[in-house]
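Next comes model.pdb, a file with PDB, C-alpha atoms, pLDDT in the B column.
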ATOM      1  CA  MET A   1     156.274  92.814 130.636  1.00 52.00           C
ATOM      2  CA  ASP A   2     159.176  91.707 132.803  1.00 86.00           C
ATOM      3  CA  GLN A   3     159.207  91.569 136.596  1.00 89.00           C
ATOM      4  CA  ASP A   4     160.853  94.975 137.012  1.00 90.00           C
ATOM      5  CA  ASP A   5     158.259  96.616 134.763  1.00 89.00           C
ATOM      6  CA  ALA A   6     155.486  94.935 136.758  1.00 89.00           C
ATOM      7  CA  VAL A   7     156.934  96.364 139.991  1.00 93.00           C
ATOM      8  CA  LEU A   8     157.205  99.800 138.389  1.00 91.00           C
ATOM      9  CA  VAL A   9     153.592  99.786 137.239  1.00 89.00           C
ATOM     10  CA  ARG A  10     152.300  98.390 140.535  1.00 93.00           C
ATOM     11  CA  VAL A  11     154.074 100.996 142.676  1.00 95.00           C
ATOM     12  CA  LEU A  12     152.991 103.857 140.416  1.00 93.00           C
ATOM     13  CA  ALA A  13     149.385 102.626 140.506  1.00 92.00           C
ATOM     14  CA  GLU A  14     149.553 102.447 144.320  1.00 95.00           C
ATOM     15  CA  GLN A  15     151.024 105.944 144.505  1.00 95.00           C
ATOM     16  CA  LYS A  16     148.340 107.284 142.169  1.00 94.00           C
ATOM     17  CA  ARG A  17     145.607 105.739 144.360  1.00 94.00           C
ATOM     18  CA  LEU A  18     147.239 107.434 147.360  1.00 95.00           C
ATOM     19  CA  GLY A  19     147.004 110.784 145.567  1.00 94.00           C
ATOM     20  CA  ASN A  20     150.739 111.150 144.988  1.00 93.00           C
ATOM     21  CA  SER A  21     150.464 112.264 141.381  1.00 90.00           C
ATOM     22  CA  SER A  22     149.437 115.359 139.508  1.00 86.00           C
ATOM     23  CA  ASP A  23     148.657 116.353 135.950  1.00 84.00           C
ATOM     24  CA  ASN A  24     152.405 116.753 135.466  1.00 84.00           C
ATOM     25  CA  GLY A  25     153.182 113.218 136.634  1.00 88.00           C
ATOM     26  CA  PHE A  26     154.935 111.893 139.700  1.00 93.00           C
ATOM     27  CA  LYS A  27     157.348 113.746 141.946  1.00 93.00           C
ATOM     28  CA  LYS A  28     160.752 112.530 143.147  1.00 94.00           C
ATOM     29  CA  PRO A  29     159.498 110.751 146.334  1.00 95.00           C
ATOM     30  CA  VAL A  30     157.339 108.465 144.169  1.00 96.00           C
ATOM     31  CA  TRP A  31     160.325 107.526 142.006  1.00 96.00           C
ATOM     32  CA  ILE A  32     162.355 106.862 145.143  1.00 95.00           C
ATOM     33  CA  ALA A  33     159.562 104.499 146.271  1.00 97.00           C
ATOM     34  CA  VAL A  34     159.798 102.708 142.904  1.00 96.00           C
ATOM     35  CA  ALA A  35     163.575 102.325 143.222  1.00 95.00           C
ATOM     36  CA  THR A  36     163.186 101.052 146.793  1.00 95.00           C
ATOM     37  CA  ALA A  37     160.589  98.478 145.748  1.00 95.00           C
ATOM     38  CA  LEU A  38     162.862  97.311 142.936  1.00 94.00           C
ATOM     39  CA  ALA A  39     165.782  96.957 145.349  1.00 93.00           C
ATOM     40  CA  VAL A  40     163.667  94.759 147.637  1.00 93.00           C
ATOM     41  CA  GLU A  41     161.800  92.738 145.013  1.00 91.00           C
ATOM     42  CA  SER A  42     164.518  92.457 142.358  1.00 85.00           C
ATOM     43  CA  PRO A  43     167.818  92.383 144.223  1.00 79.00           C
ATOM     44  CA  LYS A  44     169.461  90.824 141.143  1.00 82.00           C
ATOM     45  CA  ASN A  45     169.690  94.259 139.525  1.00 78.00           C
ATOM     46  CA  ASP A  46     173.345  95.197 139.324  1.00 77.00           C
ATOM     47  CA  PRO A  47     173.805  98.067 139.629  1.00 83.00           C
ATOM     48  CA  PRO A  48     170.633  98.789 141.613  1.00 83.00           C
ATOM     49  CA  LYS A  49     168.036 100.950 139.912  1.00 88.00           C
ATOM     50  CA  ILE A  50     168.142 104.612 140.920  1.00 90.00           C
ATOM     51  CA  TRP A  51     165.136 106.894 141.056  1.00 92.00           C
ATOM     52  CA  ASN A  52     165.917 108.980 137.961  1.00 88.00           C
ATOM     53  CA  LYS A  53     166.534 105.888 135.813  1.00 91.00           C
ATOM     54  CA  CYS A  54     163.173 104.517 136.981  1.00 91.00           C
ATOM     55  CA  GLN A  55     161.583 107.785 135.889  1.00 89.00           C
ATOM     56  CA  ASP A  56     163.310 107.593 132.497  1.00 86.00           C
ATOM     57  CA  HIS A  57     162.242 103.970 131.997  1.00 85.00           C
ATOM     58  CA  TRP A  58     158.635 104.900 132.702  1.00 87.00           C
ATOM     59  CA  GLY A  59     158.510 106.481 129.255  1.00 81.00           C
ATOM     60  CA  ASN A  60     159.134 103.037 127.772  1.00 76.00           C
ATOM     61  CA  VAL A  61     156.297 101.330 129.624  1.00 79.00           C
ATOM     62  CA  SER A  62     153.722 104.098 129.963  1.00 80.00           C
ATOM     63  CA  ASN A  63     151.684 102.770 127.058  1.00 69.00           C
ATOM     64  CA  LEU A  64     151.389  99.426 128.846  1.00 66.00           C
ATOM     65  CA  TYR A  65     150.285 101.302 131.969  1.00 62.00           C
ATOM     66  CA  SER A  66     147.513 103.003 130.002  1.00 71.00           C
ATOM     67  CA  ILE A  67     146.262  99.650 128.768  1.00 69.00           C
ATOM     68  CA  PHE A  68     146.502  98.209 132.288  1.00 63.00           C
ATOM     69  CA  THR A  69     144.500 100.990 133.956  1.00 68.00           C
ATOM     70  CA  ALA A  70     141.836 100.899 131.268  1.00 68.00           C
ATOM     71  CA  HIS A  71     140.974  97.375 132.430  1.00 60.00           C
ATOM     72  CA  ILE A  72     140.669  98.030 136.196  1.00 58.00           C
TER
END
Just give me the structure as structure tokens.
Amino acid sequence: MDQDDAVLVRVLAEQKRLGNSSDNGFKKPVWIAVATALAVESPKNDPPKIWNKCQDHWGNVSNLYSIFTAHI
């Protein structure tokens, strides 16, 4: 898992703990929080990640997230 994926998973886990998810997934404000965290923690991204691309990328790493949460 690269650094950007780690940020993505961490922010989504935090948002889930805060109750900002539903059975249908995460809403736009959560994805904006992911994009903001990536802008701060990975400023090398050019162009910067935008919320809907973060949401799309989640499909690629969701299996890793399932493994991660099974161990906490």
Draw an axis-aligned box over all listed atoms of stretch 37-45 of chain A, pad each side with 8 Å, and write its centre and edge lengths in Å, one decimal, as AutoDock Vina command-line options.
--center_x 165.1 --center_y 94.7 --center_z 143.6 --size_x 25.1 --size_y 23.7 --size_z 24.1
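A straight-line distance of 24.5 Å separates atom CA of A:Gln3 from atom CA of A:Gly19.
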Spell out the residues picked by the PyMOL selection byres ((chain A and resi 29-36) around 8) here, as a list in words.
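What the PyMOL selection byres ((chain A and resi 29-36) around 8) grabs from the file is Val7, Leu8, Val11, Leu12, Gln15, Asn20, Phe26, Lys27, Lys28, Ala37, Leu38, Ala39, Val40, Lys49, Ile50, Trp51, Asn52, Cys54 and Gln55 of chain A.
Reported to one decimal place, the separation of atom CA of A:Asn24 from atom CA of A:Asn60 is 17.1 Å.
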Once the PyMOL selection byres ((chain A and resi 9) around 9) is applied to the coordinates I shared, what remains selected? I want it as an mmCIF file with C-alpha atoms, in the coordinates of the input.
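See expr.cif below for the written result:
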data_model
loop_
_atom_site.group_PDB
_atom_site.id
_atom_site.type_symbol
_atom_site.label_atom_id
_atom_site.label_comp_id
_atom_site.auth_asym_id
_atom_site.auth_seq_id
_atom_site.Cartn_x
_atom_site.Cartn_y
_atom_site.Cartn_z
ATOM 1 C CA ASP A 4 160.853 94.975 137.012
ATOM 2 C CA ASP A 5 158.259 96.616 134.763
ATOM 3 C CA ALA A 6 155.486 94.935 136.758
ATOM 4 C CA VAL A 7 156.934 96.364 139.991
ATOM 5 C CA LEU A 8 157.205 99.800 138.389
ATOM 6 C CA ARG A 10 152.300 98.390 140.535
ATOM 7 C CA VAL A 11 154.074 100.996 142.676
ATOM 8 C CA LEU A 12 152.991 103.857 140.416
ATOM 9 C CA ALA A 13 149.385 102.626 140.506
ATOM 10 C CA GLU A 14 149.553 102.447 144.320
ATOM 11 C CA VAL A 34 159.798 102.708 142.904
ATOM 12 C CA TRP A 58 158.635 104.900 132.702
ATOM 13 C CA VAL A 61 156.297 101.330 129.624
ATOM 14 C CA SER A 62 153.722 104.098 129.963
ATOM 15 C CA LEU A 64 151.389 99.426 128.846
ATOM 16 C CA TYR A 65 150.285 101.302 131.969
ATOM 17 C CA PHE A 68 146.502 98.209 132.288
#
